[in-house]
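Peer 1: Have a look at the structure that comes next, please.
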Amino acid sequence: MISTALLDRILPTVAKPARYSGNEWNSMRKDWAQAKVRVALAYPDVYEVGMSNLGLAILYDLVNQQPEMLAERVYAPWLDMERAMRQAGMPLFSLESHHPVRDFDILGFSLQYELNYSNVLNMLDLAGIPLLASQRNEDCPLVIAGGTCTYNAEPLADFFDLFVIGEGEEVLLELLRLYLECRKSHAPWKEEFLQQAASIKGVYVPHLYRVAYHEDGTVSSIEPAKAGVPARVQKRIVPVLPPPPVKPVVPFLNVVHDRGMVEIMRGCTRGCRFCQAGMIYRPVRERPLQEVLDAIDQLLAHTGYEEIALVSLSSTDYTGIEPLVRELSQRYAEQRLAISLPSLRTDTFSVALAQMIQRTRKTGLTFAPEAGSERLRQVINKSVTADDLLRTAEAAYASGWLRIKLYFMIGLPTETLEDVLAIADLVKAVRGIGRCWHGPRAQVSVSVATFIPKAHTPFQWLPIEDAGQIAAKQQALRRALPGRGIELSWSDPMTAWLEAVLSRGDRRLGQVILRAWQLGARFDAWAEAFQPQLWQQAFAKAGLDASFYATRQRSFAEVLPWTHIHTGVSTAFLWEEYQRSLRGESSIDCRGGCQDCGVRVAFDLDRCPSLADDTVRIASEHARDKADRVAPAGRSHMMDSE
Ligand code: SF4
């Protein structure tokens, strides 16, 4: 264990020492000696960001519920703490017991953002764990990862023993049990474990696959290197959402989302073509209304939170959203519970819903039209009209909100300057409505991101727009949006460039990430720490061309680096959606009719839960019924259907 005296000496010298002290309300400290498997759950960003991640909170709760297992947390030390730790020779340690991470059996990272990759390497190094999986012996912890980035984890393939593709709730426990078994019965155990793990649905062991390249640098094949390893790794899903954690760790300091979170629905039926989450989380599964209400009761009792977020990709699409919000507003009227809907849909957001939320305390209202013109919204399949947005803005301002935040992207496929300037028209129209209600106090915040084509989406073959053109469009928008009451912000084009490179890269990028980290790259997602020139140097040293990954149009025939990872959505569907976008044709929401995306077949569903009108009932009943009928303990039938 890390010495308390050493911690006491170091913590007063760094910013926000509560990031590293642990001991928070509801944190779990299990008996280290009694646990048969010890897992360090790592988030490669600062405490405040990692503590706001619901996925990690779910796994922390899940593992700690198992009598023979233990999970503790670790986040990336900020630059000052890293310096202090290195000076003192202090290794990376867990928050609960302050054990060095090196002493755990498994180090499991949550990978949600490509700009955290340099932090992953830094955390391994601080832990004293060799960075390359091939250099780690049997005494090192297994280094594994889950999260959205694992849908194309190739750039990190050299550093990890395995990746969990899809939803970790079931896979993680299966893996841990297999780990126990192999450690007990095999010496050496590691290769045997990895071989067996590769046959678990949703587990990808990168060193068991061989990647070959054409002379032009494109991938020519990705094949299993051993018999018994599946050619394609299909993502894992849980047929029914497991009970949500109701005793989350309550932080001592302000974190990004300082509130209780209950996931009301997983997946989204909208089919926005740019949205990776909308594709990879299919099909939709809703949590029954009563379960949500019970969970919120318990969560508030265990935490004392005054705000609750109803989490999903599109919260207003939840079948029971109106009764849920109404019930919460009544039940917690006295406590003035704030209700947060992190993802409001713009076209059906009702005045009634806005007023229901307002009856308690108001939180911010954010909408995401994504593109300025109707034409471009058709291209990206964002079925929101200008009238929808203006009606919604009217309802919101009329209900007492002073500020509306709008999210847009630029650099979208087929985008022209006219489309970009249409953003300004829309924003000014919203501000005009706000002024009618509140005069000069009305505010519109406009956040403009750069579009990044992501793996497993209909736009996965497209280049990112050149940084110079993006800068020109940002400039034009800035000129078109002068005046009071409008606050404009955008993402750094170089950040978008790096994300574009890493999110669709292949295995060769491992050497770039390694060199960038060696050169000093850390916290690339943070403006104050990001040094794009380090990455440019790393590319040069590795002899690789970043534009090959970022600004090159790929053909349908090209073997993409993530071809062997299967989300259930077929490539044919993605390509057809891309072609429809070029024709300016929208596609309907799954709830209006199945578009045959492939998920129903891939997961052997008689009826896709995304399709159902009565989604809560059908999704739960269908999945429970199937699980009861077919699945062996702890294993879902859906997973066995490949
Ligand atoms: S199978 Fe059909 S209903 Fe289900 S997610 Fe795909 S398109 Fe939607």
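Labels for the structure tokens follow display order: chains A, B, ..., residues from 1 in each chain, ligands from 1.
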Out of range 274-360 of chain A, which residues get helix (DSSP H, G or I) from DSSP, as a ChimeraX atom specification?

Peer 2: /A:276-280,289-303,315-317,321-331,351-359

Peer 1: Take the residues that were just selected and, keeping C-alpha atoms, output them as a JSON list (two decimals), in the first residue's frame.

Peer 2:
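Listing of part_5.json after writing:
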```json
[["chain", "number", "residue", "atom", "x", "y", "z"],
["A", 276, "GLN", "CA", -21.85, 6.19, -33.82],
["A", 277, "ALA", "CA", -23.74, 5.61, -30.57],
["A", 278, "GLY", "CA", -27.02, 5.34, -32.50],
["A", 279, "MET", "CA", -25.54, 2.53, -34.60],
["A", 280, "ILE", "CA", -23.51, 0.59, -32.06],
["A", 289, "LEU", "CA", -41.14, 2.82, -15.65],
["A", 290, "GLN", "CA", -41.66, 1.39, -12.18],
["A", 291, "GLU", "CA", -38.06, 0.19, -12.08],
["A", 292, "VAL", "CA", -36.87, 3.71, -12.93],
["A", 293, "LEU", "CA", -39.02, 5.24, -10.20],
["A", 294, "ASP", "CA", -37.89, 2.70, -7.60],
["A", 295, "ALA", "CA", -34.26, 3.23, -8.56],
["A", 296, "ILE", "CA", -34.60, 7.01, -8.22],
["A", 297, "ASP", "CA", -36.21, 6.65, -4.79],
["A", 298, "GLN", "CA", -33.33, 4.52, -3.61],
["A", 299, "LEU", "CA", -30.64, 6.57, -5.28],
["A", 300, "LEU", "CA", -31.84, 9.82, -3.71],
["A", 301, "ALA", "CA", -32.07, 8.14, -0.30],
["A", 302, "HIS", "CA", -28.52, 6.82, -0.60],
["A", 303, "THR", "CA", -26.89, 9.96, -1.94],
["A", 315, "SER", "CA", -34.54, 10.67, -23.42],
["A", 316, "THR", "CA", -37.72, 12.13, -24.89],
["A", 317, "ASP", "CA", -38.11, 8.98, -27.00],
["A", 321, "ILE", "CA", -41.23, 9.96, -20.46],
["A", 322, "GLU", "CA", -44.31, 12.07, -19.75],
["A", 323, "PRO", "CA", -45.69, 9.91, -16.91],
["A", 324, "LEU", "CA", -42.16, 9.54, -15.52],
["A", 325, "VAL", "CA", -41.48, 13.27, -15.40],
["A", 326, "ARG", "CA", -44.98, 13.98, -14.09],
["A", 327, "GLU", "CA", -44.61, 11.44, -11.31],
["A", 328, "LEU", "CA", -41.14, 12.68, -10.34],
["A", 329, "SER", "CA", -42.33, 16.28, -10.31],
["A", 330, "GLN", "CA", -45.17, 15.40, -7.96],
["A", 331, "ARG", "CA", -43.28, 12.96, -5.78],
["A", 351, "VAL", "CA", -44.78, 22.25, -23.92],
["A", 352, "ALA", "CA", -46.31, 19.97, -21.31],
["A", 353, "LEU", "CA", -42.95, 18.27, -20.68],
["A", 354, "ALA", "CA", -41.14, 21.60, -20.44],
["A", 355, "GLN", "CA", -43.70, 22.88, -17.99],
["A", 356, "MET", "CA", -43.52, 19.73, -15.91],
["A", 357, "ILE", "CA", -39.78, 20.14, -15.51],
["A", 358, "GLN", "CA", -40.15, 23.82, -14.78],
["A", 359, "ARG", "CA", -42.48, 23.10, -11.88]]
```

Peer 1: Got a sec to check which residues lie within 9 Å of ligand 1, using only C-alpha atoms and all ligand atoms, and send them as a ChimeraX atom specification?

Peer 2: /A:267-271,279,282-284,568-569,573,589-602,605,607-612

Peer 1: Choose the residue, out of A:Ala472, A:Leu509, A:Ala424, A:Cys275, that has the smallest atom-to-atom separation from Pro453 in chain A; count only C-alpha atoms.

Peer 2: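 The shortest atom-to-atom distance to Pro453 in chain A comes from A:Cys275.
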
Peer 1: Write down as a PyMOL selection string the residues of range 261-412 of chain A whose backbone DSSP state falls under strand (DSSP E or B).

Peer 2: chain A and resi 261-263+265-266+285-286+307-311+338-340+344+361+365-370+403-410

Peer 1: How would the residues just picked look written out with N, CA, C and O atoms as a short mmCIF file (atom, residue, chain, number, x, y, z; two decimals), in the first residue's frame?

Peer 2:
```
data_model
loop_
_atom_site.label_atom_id
_atom_site.label_comp_id
_atom_site.auth_asym_id
_atom_site.auth_seq_id
_atom_site.Cartn_x
_atom_site.Cartn_y
_atom_site.Cartn_z
N MET A 261 -27.71 9.57 -11.57
CA MET A 261 -27.99 9.20 -12.96
C MET A 261 -28.71 7.86 -12.98
O MET A 261 -28.26 6.91 -12.34
N VAL A 262 -29.80 7.80 -13.72
CA VAL A 262 -30.46 6.51 -13.95
C VAL A 262 -30.67 6.37 -15.45
O VAL A 262 -31.24 7.25 -16.10
N GLU A 263 -30.17 5.27 -15.96
CA GLU A 263 -30.33 5.02 -17.40
C GLU A 263 -31.75 4.52 -17.65
O GLU A 263 -32.16 3.49 -17.11
N MET A 265 -33.06 4.17 -20.85
CA MET A 265 -33.18 3.47 -22.13
C MET A 265 -31.79 3.33 -22.75
O MET A 265 -30.96 4.24 -22.60
N ARG A 266 -31.52 2.23 -23.40
CA ARG A 266 -30.25 2.08 -24.12
C ARG A 266 -30.58 1.95 -25.60
O ARG A 266 -31.51 1.27 -25.98
N ARG A 285 -33.45 -0.83 -25.85
CA ARG A 285 -34.05 -1.52 -24.70
C ARG A 285 -34.41 -0.48 -23.65
O ARG A 285 -33.57 0.31 -23.27
N GLU A 286 -35.68 -0.50 -23.27
CA GLU A 286 -36.14 0.47 -22.28
C GLU A 286 -36.21 -0.18 -20.89
O GLU A 286 -36.46 -1.37 -20.77
N GLU A 307 -30.46 16.58 -7.81
CA GLU A 307 -30.74 16.58 -9.24
C GLU A 307 -30.62 15.15 -9.75
O GLU A 307 -29.71 14.40 -9.35
N ILE A 308 -31.49 14.81 -10.67
CA ILE A 308 -31.44 13.46 -11.23
C ILE A 308 -31.45 13.57 -12.76
O ILE A 308 -32.19 14.36 -13.33
N ALA A 309 -30.56 12.81 -13.40
CA ALA A 309 -30.53 12.80 -14.86
C ALA A 309 -31.16 11.51 -15.36
O ALA A 309 -30.83 10.44 -14.88
N LEU A 310 -32.09 11.65 -16.29
CA LEU A 310 -32.72 10.49 -16.90
C LEU A 310 -31.93 10.20 -18.17
O LEU A 310 -32.13 10.82 -19.21
N VAL A 311 -31.00 9.27 -18.06
CA VAL A 311 -29.97 9.13 -19.08
C VAL A 311 -30.41 8.20 -20.22
O VAL A 311 -30.94 7.13 -19.99
N ALA A 338 -34.39 18.67 -9.11
CA ALA A 338 -34.17 19.09 -10.50
C ALA A 338 -34.10 17.85 -11.39
O ALA A 338 -33.44 16.87 -11.05
N ILE A 339 -34.80 17.91 -12.49
CA ILE A 339 -34.80 16.78 -13.43
C ILE A 339 -34.03 17.20 -14.66
O ILE A 339 -34.29 18.26 -15.24
N SER A 340 -33.09 16.37 -15.03
CA SER A 340 -32.31 16.72 -16.21
C SER A 340 -32.52 15.67 -17.29
O SER A 340 -32.40 14.48 -17.05
N LEU A 344 -32.54 16.10 -25.24
CA LEU A 344 -33.91 16.43 -25.64
C LEU A 344 -34.06 16.34 -27.15
O LEU A 344 -33.23 16.85 -27.90
N ARG A 361 -37.16 22.58 -10.21
CA ARG A 361 -36.18 23.62 -10.53
C ARG A 361 -35.74 23.49 -11.97
O ARG A 361 -35.61 22.39 -12.48
N LEU A 365 -31.57 23.96 -20.99
CA LEU A 365 -32.25 23.27 -22.09
C LEU A 365 -31.35 23.25 -23.31
O LEU A 365 -30.91 24.30 -23.78
N THR A 366 -31.08 22.06 -23.78
CA THR A 366 -30.15 21.92 -24.90
C THR A 366 -30.81 21.13 -26.02
O THR A 366 -31.45 20.11 -25.77
N PHE A 367 -30.67 21.62 -27.23
CA PHE A 367 -31.21 20.90 -28.39
C PHE A 367 -30.09 20.77 -29.42
O PHE A 367 -29.18 21.57 -29.48
N ALA A 368 -30.24 19.75 -30.25
CA ALA A 368 -29.17 19.49 -31.22
C ALA A 368 -29.74 19.38 -32.64
O ALA A 368 -29.94 18.27 -33.13
N PRO A 369 -29.97 20.50 -33.29
CA PRO A 369 -30.42 20.42 -34.70
C PRO A 369 -29.30 19.91 -35.62
O PRO A 369 -29.57 19.44 -36.70
N GLU A 370 -28.05 20.05 -35.20
CA GLU A 370 -26.85 19.53 -35.87
C GLU A 370 -26.49 20.24 -37.17
O GLU A 370 -25.34 20.46 -37.45
N ARG A 403 -32.31 30.76 -21.39
CA ARG A 403 -31.16 30.38 -22.20
C ARG A 403 -31.40 29.03 -22.87
O ARG A 403 -31.81 28.07 -22.22
N ILE A 404 -31.14 29.00 -24.15
CA ILE A 404 -31.24 27.75 -24.90
C ILE A 404 -29.87 27.48 -25.51
O ILE A 404 -29.23 28.40 -26.05
N LYS A 405 -29.44 26.24 -25.41
CA LYS A 405 -28.16 25.89 -26.03
C LYS A 405 -28.42 25.04 -27.26
O LYS A 405 -29.23 24.10 -27.21
N LEU A 406 -27.74 25.35 -28.34
CA LEU A 406 -27.94 24.62 -29.59
C LEU A 406 -26.62 24.01 -30.05
O LEU A 406 -25.60 24.70 -30.07
N TYR A 407 -26.66 22.76 -30.42
CA TYR A 407 -25.47 22.07 -30.93
C TYR A 407 -25.54 21.95 -32.45
O TYR A 407 -26.56 21.51 -33.00
N PHE A 408 -24.47 22.33 -33.11
CA PHE A 408 -24.37 22.15 -34.56
C PHE A 408 -23.03 21.52 -34.89
O PHE A 408 -22.10 21.52 -34.08
N MET A 409 -22.96 20.99 -36.11
CA MET A 409 -21.66 20.52 -36.62
C MET A 409 -21.38 21.22 -37.94
O MET A 409 -22.32 21.53 -38.69
N ILE A 410 -20.12 21.44 -38.23
CA ILE A 410 -19.75 21.86 -39.58
C ILE A 410 -18.75 20.85 -40.15
O ILE A 410 -18.15 20.07 -39.42
#
```

Peer 1: Write out as a Markdown table a residue-level contact list of range 29-148 of chain A versus range 491-507 of chain A with cut-off 10 Å: for each qualifying residue the closest pair of atoms and the distance in Å to one decimal, counting only C-alpha atoms, rows sorted by chain and residue number upward.

Peer 2:
```
| residue | atom | partner | partner_atom | distance |
| --- | --- | --- | --- | --- |
| A:Tyr113 | CA | A:Glu499 | CA | 8.2 |
| A:Glu114 | CA | A:Glu499 | CA | 5.9 |
| A:Leu115 | CA | A:Glu499 | CA | 6.3 |
| A:Asn116 | CA | A:Glu499 | CA | 9.9 |
| A:Tyr117 | CA | A:Leu502 | CA | 8.9 |
```

Peer 1: Pull N, CA, C and O atoms from the residues just selected and write them as a compact mmCIF listing (two decimals), in the first residue's frame.

Peer 2:
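Listed below is the output, out18.txt:
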```txt
# COMPACT_ATOMS: atom_id res chain seq x y z
N TYR A 113 -13.01 7.99 -25.35
CA TYR A 113 -12.59 9.13 -26.17
C TYR A 113 -11.15 8.91 -26.63
O TYR A 113 -10.26 8.65 -25.81
N GLU A 114 -10.95 9.04 -27.92
CA GLU A 114 -9.64 8.75 -28.49
C GLU A 114 -8.55 9.69 -27.95
O GLU A 114 -7.38 9.32 -27.92
N LEU A 115 -8.96 10.88 -27.55
CA LEU A 115 -7.95 11.82 -27.07
C LEU A 115 -7.45 11.50 -25.65
O LEU A 115 -6.66 12.24 -25.08
N ASN A 116 -7.91 10.38 -25.12
CA ASN A 116 -7.37 9.90 -23.84
C ASN A 116 -6.27 8.85 -24.02
O ASN A 116 -5.75 8.34 -23.03
N TYR A 117 -5.95 8.51 -25.26
CA TYR A 117 -5.04 7.38 -25.47
C TYR A 117 -3.65 7.61 -24.85
O TYR A 117 -3.04 6.69 -24.32
```

Peer 1: Could you tell me how far CA of Glu82 in chain A lies from CA of Ala516 in chain A, in Å and to one decimal?

Peer 2: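 Those two atoms sit 17.0 Å apart.
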
Peer 1: Can you list, as a PyMOL selection string, every protein, DNA or RNA residue that comes within 12 Å of Phe539 in chain A when you count only C-alpha atoms, leaving out same-chain residues fewer than 6 positions away?

Peer 2: chain A and resi 498+501-502+508-517+519+532-533+545-549
